[in-house]
Each structure stands twice: as C-alpha cells, then as structure tokens.
Amino acid sequence: MRSTTTHRHRPALRRRLMVTAFLVALVAAPALATPAQAAIGGSFVDNLDGFATSRWHKANGYSNGGMFNSGWRADHVWHSGGVMGINLDNYGCPSGCSGKPYASGEYRSNDMYSYGRYEVRMKAARGGSGTVTSFFTYTGPSDGQPWDEIDIEILGKNTWQMQTNYYTNGVGGHEKLIDLGFDAAAGYHTYAFEWWNGGTINWFVDGRLVHQENGSRGKLPTHPGRIMMNLWPGTGVDSWLGPFSYNGQRQATYDWVKYTRY
C-alpha cells in the first residue's frame, strides 16, 4: 500500500508542557557527560541481545515531569529472547515511581551521534490511547547544548500511523502523521531516518521513503545527540495522545538498532 502523509500541529499547550517537562528532568536527572566528555560515536549495530553498558544506560529514579505520567525505572527495561523490552505498569507506584502513578523505562546511549542513518526494528505497545512508543535522538541543556531532537513516535491511539517531528534549539511544531498500511503493534517493522549535514532529514519505513524535511518549515538540527528509546503515558495532553486508561501492563519491544555515520 502506498503511504500518504497528513500534517497536524499540536496545540501550543503541548509545546509549553514539553519545555516544562525537560526543565524538570534537568533538575531531577543525574548529570550527564558534556559533549567535551562524551564521545561522538561511530557506526554500530546492536542486536539488543543484552545490556551493553559500554554503549547504553537506563534512566532510573526520576521523571521528566509535565506531560510524562510515569517515573523512569531501570528494572522496566529488560533483555530476553534476543530482544529488548520496555514495560509500562503501576507496580510499586507512586512511592517507587518518583511520585507518578505509573512506571516505565527509557534506554539512552552513552555517546552522542551526529549526521548519519538511524535505524530500529521495533514493535510498538498496544492497548489504546494515551501512550507513546519512540525512537529518537535528543540533546539539550543537560548535555551543555541547545535542545535538538529528531523523532519517530507511534501513538497508542492509532498504531496504524507513525508521527515524525524535529526540534531545533527548542523549536518544534514540525509534526507529520504517516499512514503505515499496517498495525505497528502487531509485529516488527524497520523504521529509520537519515540526517544529512545541512540538507535534509529523510524518514523511512521498511526501507521506503515516507517523509522528508528540507528546512523549509524551520531550521534543521545541527547538534549531535543521544539515541533514545522509551515508552510513556501522557497526562494533560488528551488532545494529542488521547486519554490514558490503565488496564494492565503494556510493553514495547525492540529487535535491533543500527547507526551508520555519514
């Protein structure tokens, strides 16, 4: 099936909440290495068969606050059967979830990565509205840099679509919804983006180009960032994610991650 794209701006409230969320995270999160200390990573393939501590770390013991309605817990990121999984549940909450009603996980690269091709094979969480399954790059004040970000997001309210976005120096509002032609929560598919120096960002699904940004809607990111994967429930952003209603554990799984430096 040929893909189609539609454009939708999130409300200004969502962008204000996002800024608040990251500012809260900067206070609560452990200090990260600055770019001068963190390596600029080279090409790699990680089959996610186990926790490679030389490449990754698990967010633990804090919450991004704002619209993020879960606390990050390292025990909610696991490796088994050749895949990595992230659980979203309410076990031990709120006392063990940074005061939030739910717990979930985030996997973050130790190094920073610059221009290149970023690929992941993943299966999104199912279970209805209110959640985000993601693969993205991020850097910001915690890294001593401006907030730059490139996103692949599957929203639980419609797992037949992928949302793309990017932020440059904290300015977002570049969302696109891509009709996938399949249910991203029903099986594994390969999602990717190419970030070219000064030129374009191209997004792919199963090797097929589905969207391109060339800077005409706003300057593209320029700062190297960390590779991240997470699953989280929203609060106060029903107009974007839809309402979240907990009916048991939800789970996203990741088969492999690949980065090719350009």
# chains A, B, ... in the order shown; residues from 1 in each chain; ligands from 1

$ residues_around --residues "A:Gly96" --least-positions-apart "6" --cutoff "9 Å" --atoms "only C-alpha atoms" --output "list in words"
Gly61, Gly71, Arg73 and Ala103 of chain A

$ closest_atom_pairs --of "stretch 140-215 of chain A" --to "stretch 237-249 of chain A" --cutoff "9 Å" --atoms "only C-alpha atoms" --output "JSON lines"
{"residue": "A:Leu155", "atom": "CA", "partner": "A:Leu241", "partner_atom": "CA", "distance": 6.6}
{"residue": "A:Gly156", "atom": "CA", "partner": "A:Leu241", "partner_atom": "CA", "distance": 7.5}
{"residue": "A:Lys157", "atom": "CA", "partner": "A:Gly242", "partner_atom": "CA", "distance": 6.5}

$ atom_distance --atom1 "atom CA of A:Gly128" --atom2 "atom CA of A:Ala185"
10.5 Å

$ select_by_dssp --residues "stretch 75-120 of chain A" --states "strand (DSSP E)" --output "MDAnalysis selection string"
chainID A and resid 77:80 83:88 102:104 106:109 116:120

$ closest_residue --among "A:Tyr254, A:Tyr115, A:Gly198, A:Asn69" --to "A:Gly50" --atoms "only C-alpha atoms"
A:Tyr254

$ decode --residues "stretch 189-219 of chain A" --atoms "N, CA, C and O atoms" --output "PDB file, in the first residue's frame"
ATOM      1  N   HIS A 189       8.669  -4.013  12.555  1.00  0.00           N
ATOM      2  CA  HIS A 189       8.953  -3.315  11.306  1.00  0.00           C
ATOM      3  C   HIS A 189      10.175  -2.437  11.527  1.00  0.00           C
ATOM      4  O   HIS A 189      10.535  -2.117  12.665  1.00  0.00           O
ATOM      5  N   THR A 190      10.817  -2.067  10.418  1.00  0.00           N
ATOM      6  CA  THR A 190      12.037  -1.278  10.478  1.00  0.00           C
ATOM      7  C   THR A 190      11.713   0.186  10.178  1.00  0.00           C
ATOM      8  O   THR A 190      11.128   0.508   9.137  1.00  0.00           O
ATOM      9  N   TYR A 191      12.099   1.049  11.109  1.00  0.00           N
ATOM     10  CA  TYR A 191      11.887   2.492  10.997  1.00  0.00           C
ATOM     11  C   TYR A 191      13.253   3.166  10.992  1.00  0.00           C
ATOM     12  O   TYR A 191      14.161   2.754  11.730  1.00  0.00           O
ATOM     13  N   ALA A 192      13.405   4.199  10.196  1.00  0.00           N
ATOM     14  CA  ALA A 192      14.715   4.837  10.080  1.00  0.00           C
ATOM     15  C   ALA A 192      14.571   6.302   9.704  1.00  0.00           C
ATOM     16  O   ALA A 192      13.545   6.729   9.170  1.00  0.00           O
ATOM     17  N   PHE A 193      15.631   7.055  10.024  1.00  0.00           N
ATOM     18  CA  PHE A 193      15.748   8.397   9.451  1.00  0.00           C
ATOM     19  C   PHE A 193      17.209   8.654   9.106  1.00  0.00           C
ATOM     20  O   PHE A 193      18.125   8.165   9.770  1.00  0.00           O
ATOM     21  N   GLU A 194      17.398   9.403   8.040  1.00  0.00           N
ATOM     22  CA  GLU A 194      18.722   9.874   7.613  1.00  0.00           C
ATOM     23  C   GLU A 194      18.804  11.365   7.902  1.00  0.00           C
ATOM     24  O   GLU A 194      17.940  12.142   7.478  1.00  0.00           O
ATOM     25  N   TRP A 195      19.864  11.740   8.586  1.00  0.00           N
ATOM     26  CA  TRP A 195      20.099  13.138   8.940  1.00  0.00           C
ATOM     27  C   TRP A 195      21.351  13.583   8.197  1.00  0.00           C
ATOM     28  O   TRP A 195      22.444  13.120   8.495  1.00  0.00           O
ATOM     29  N   TRP A 196      21.150  14.454   7.218  1.00  0.00           N
ATOM     30  CA  TRP A 196      22.246  14.897   6.357  1.00  0.00           C
ATOM     31  C   TRP A 196      22.730  16.271   6.779  1.00  0.00           C
ATOM     32  O   TRP A 196      21.934  17.149   7.109  1.00  0.00           O
ATOM     33  N   ASN A 197      24.020  16.469   6.727  1.00  0.00           N
ATOM     34  CA  ASN A 197      24.649  17.723   7.131  1.00  0.00           C
ATOM     35  C   ASN A 197      24.141  18.888   6.292  1.00  0.00           C
ATOM     36  O   ASN A 197      24.444  18.994   5.103  1.00  0.00           O
ATOM     37  N   GLY A 198      23.356  19.764   6.932  1.00  0.00           N
ATOM     38  CA  GLY A 198      22.907  20.990   6.268  1.00  0.00           C
ATOM     39  C   GLY A 198      21.893  20.800   5.178  1.00  0.00           C
ATOM     40  O   GLY A 198      21.552  21.764   4.481  1.00  0.00           O
ATOM     41  N   GLY A 199      21.365  19.566   5.005  1.00  0.00           N
ATOM     42  CA  GLY A 199      20.497  19.326   3.857  1.00  0.00           C
ATOM     43  C   GLY A 199      19.095  18.897   4.201  1.00  0.00           C
ATOM     44  O   GLY A 199      18.165  19.707   4.146  1.00  0.00           O
ATOM     45  N   THR A 200      18.927  17.640   4.583  1.00  0.00           N
ATOM     46  CA  THR A 200      17.595  17.093   4.769  1.00  0.00           C
ATOM     47  C   THR A 200      17.572  16.093   5.923  1.00  0.00           C
ATOM     48  O   THR A 200      18.610  15.604   6.369  1.00  0.00           O
ATOM     49  N   ILE A 201      16.358  15.794   6.368  1.00  0.00           N
ATOM     50  CA  ILE A 201      16.078  14.621   7.181  1.00  0.00           C
ATOM     51  C   ILE A 201      15.066  13.791   6.409  1.00  0.00           C
ATOM     52  O   ILE A 201      13.999  14.306   6.030  1.00  0.00           O
ATOM     53  N   ASN A 202      15.390  12.537   6.149  1.00  0.00           N
ATOM     54  CA  ASN A 202      14.513  11.620   5.428  1.00  0.00           C
ATOM     55  C   ASN A 202      14.071  10.501   6.363  1.00  0.00           C
ATOM     56  O   ASN A 202      14.907   9.887   7.028  1.00  0.00           O
ATOM     57  N   TRP A 203      12.767  10.212   6.417  1.00  0.00           N
ATOM     58  CA  TRP A 203      12.238   9.126   7.240  1.00  0.00           C
ATOM     59  C   TRP A 203      11.825   7.953   6.353  1.00  0.00           C
ATOM     60  O   TRP A 203      11.254   8.153   5.270  1.00  0.00           O
ATOM     61  N   PHE A 204      12.083   6.738   6.835  1.00  0.00           N
ATOM     62  CA  PHE A 204      11.815   5.517   6.083  1.00  0.00           C
ATOM     63  C   PHE A 204      11.028   4.525   6.929  1.00  0.00           C
ATOM     64  O   PHE A 204      11.200   4.460   8.155  1.00  0.00           O
ATOM     65  N   VAL A 205      10.199   3.729   6.274  1.00  0.00           N
ATOM     66  CA  VAL A 205       9.512   2.609   6.911  1.00  0.00           C
ATOM     67  C   VAL A 205       9.736   1.379   6.048  1.00  0.00           C
ATOM     68  O   VAL A 205       9.389   1.383   4.854  1.00  0.00           O
ATOM     69  N   ASP A 206      10.366   0.370   6.624  1.00  0.00           N
ATOM     70  CA  ASP A 206      10.703  -0.858   5.887  1.00  0.00           C
ATOM     71  C   ASP A 206      11.434  -0.542   4.589  1.00  0.00           C
ATOM     72  O   ASP A 206      11.172  -1.131   3.527  1.00  0.00           O
ATOM     73  N   GLY A 207      12.353   0.432   4.670  1.00  0.00           N
ATOM     74  CA  GLY A 207      13.188   0.797   3.528  1.00  0.00           C
ATOM     75  C   GLY A 207      12.554   1.750   2.543  1.00  0.00           C
ATOM     76  O   GLY A 207      13.198   2.131   1.560  1.00  0.00           O
ATOM     77  N   ARG A 208      11.327   2.159   2.781  1.00  0.00           N
ATOM     78  CA  ARG A 208      10.593   3.021   1.854  1.00  0.00           C
ATOM     79  C   ARG A 208      10.563   4.444   2.386  1.00  0.00           C
ATOM     80  O   ARG A 208      10.176   4.697   3.531  1.00  0.00           O
ATOM     81  N   LEU A 209      10.985   5.406   1.563  1.00  0.00           N
ATOM     82  CA  LEU A 209      10.956   6.817   1.953  1.00  0.00           C
ATOM     83  C   LEU A 209       9.512   7.266   2.112  1.00  0.00           C
ATOM     84  O   LEU A 209       8.707   7.135   1.183  1.00  0.00           O
ATOM     85  N   VAL A 210       9.169   7.803   3.297  1.00  0.00           N
ATOM     86  CA  VAL A 210       7.795   8.213   3.554  1.00  0.00           C
ATOM     87  C   VAL A 210       7.660   9.695   3.864  1.00  0.00           C
ATOM     88  O   VAL A 210       6.555  10.240   3.843  1.00  0.00           O
ATOM     89  N   HIS A 211       8.776  10.359   4.199  1.00  0.00           N
ATOM     90  CA  HIS A 211       8.676  11.789   4.514  1.00  0.00           C
ATOM     91  C   HIS A 211      10.057  12.420   4.451  1.00  0.00           C
ATOM     92  O   HIS A 211      11.068  11.769   4.734  1.00  0.00           O
ATOM     93  N   GLN A 212      10.086  13.712   4.088  1.00  0.00           N
ATOM     94  CA  GLN A 212      11.339  14.458   4.039  1.00  0.00           C
ATOM     95  C   GLN A 212      11.113  15.865   4.569  1.00  0.00           C
ATOM     96  O   GLN A 212      10.084  16.493   4.301  1.00  0.00           O
ATOM     97  N   GLU A 213      12.086  16.345   5.346  1.00  0.00           N
ATOM     98  CA  GLU A 213      12.132  17.744   5.759  1.00  0.00           C
ATOM     99  C   GLU A 213      13.421  18.354   5.213  1.00  0.00           C
ATOM    100  O   GLU A 213      14.500  17.775   5.372  1.00  0.00           O
ATOM    101  N   ASN A 214      13.299  19.523   4.584  1.00  0.00           N
ATOM    102  CA  ASN A 214      14.462  20.159   3.960  1.00  0.00           C
ATOM    103  C   ASN A 214      14.795  21.521   4.565  1.00  0.00           C
ATOM    104  O   ASN A 214      15.595  22.276   3.999  1.00  0.00           O
ATOM    105  N   GLY A 215      14.172  21.849   5.707  1.00  0.00           N
ATOM    106  CA  GLY A 215      14.435  23.127   6.351  1.00  0.00           C
ATOM    107  C   GLY A 215      13.489  24.233   5.950  1.00  0.00           C
ATOM    108  O   GLY A 215      13.552  25.326   6.509  1.00  0.00           O
ATOM    109  N   SER A 216      12.589  23.952   5.009  1.00  0.00           N
ATOM    110  CA  SER A 216      11.677  25.000   4.559  1.00  0.00           C
ATOM    111  C   SER A 216      10.645  25.362   5.625  1.00  0.00           C
ATOM    112  O   SER A 216      10.068  26.451   5.597  1.00  0.00           O
ATOM    113  N   ARG A 217      10.409  24.462   6.586  1.00  0.00           N
ATOM    114  CA  ARG A 217       9.455  24.734   7.669  1.00  0.00           C
ATOM    115  C   ARG A 217      10.153  25.124   8.965  1.00  0.00           C
ATOM    116  O   ARG A 217       9.500  25.245  10.005  1.00  0.00           O
ATOM    117  N   GLY A 218      11.458  25.311   8.898  1.00  0.00           N
ATOM    118  CA  GLY A 218      12.230  25.668  10.083  1.00  0.00           C
ATOM    119  C   GLY A 218      13.596  25.015  10.044  1.00  0.00           C
ATOM    120  O   GLY A 218      13.767  23.902   9.545  1.00  0.00           O
ATOM    121  N   LYS A 219      14.573  25.707  10.568  1.00  0.00           N
ATOM    122  CA  LYS A 219      15.957  25.234  10.561  1.00  0.00           C
ATOM    123  C   LYS A 219      16.067  23.829  11.133  1.00  0.00           C
ATOM    124  O   LYS A 219      15.434  23.494  12.133  1.00  0.00           O
TER     125      LYS A 219
END
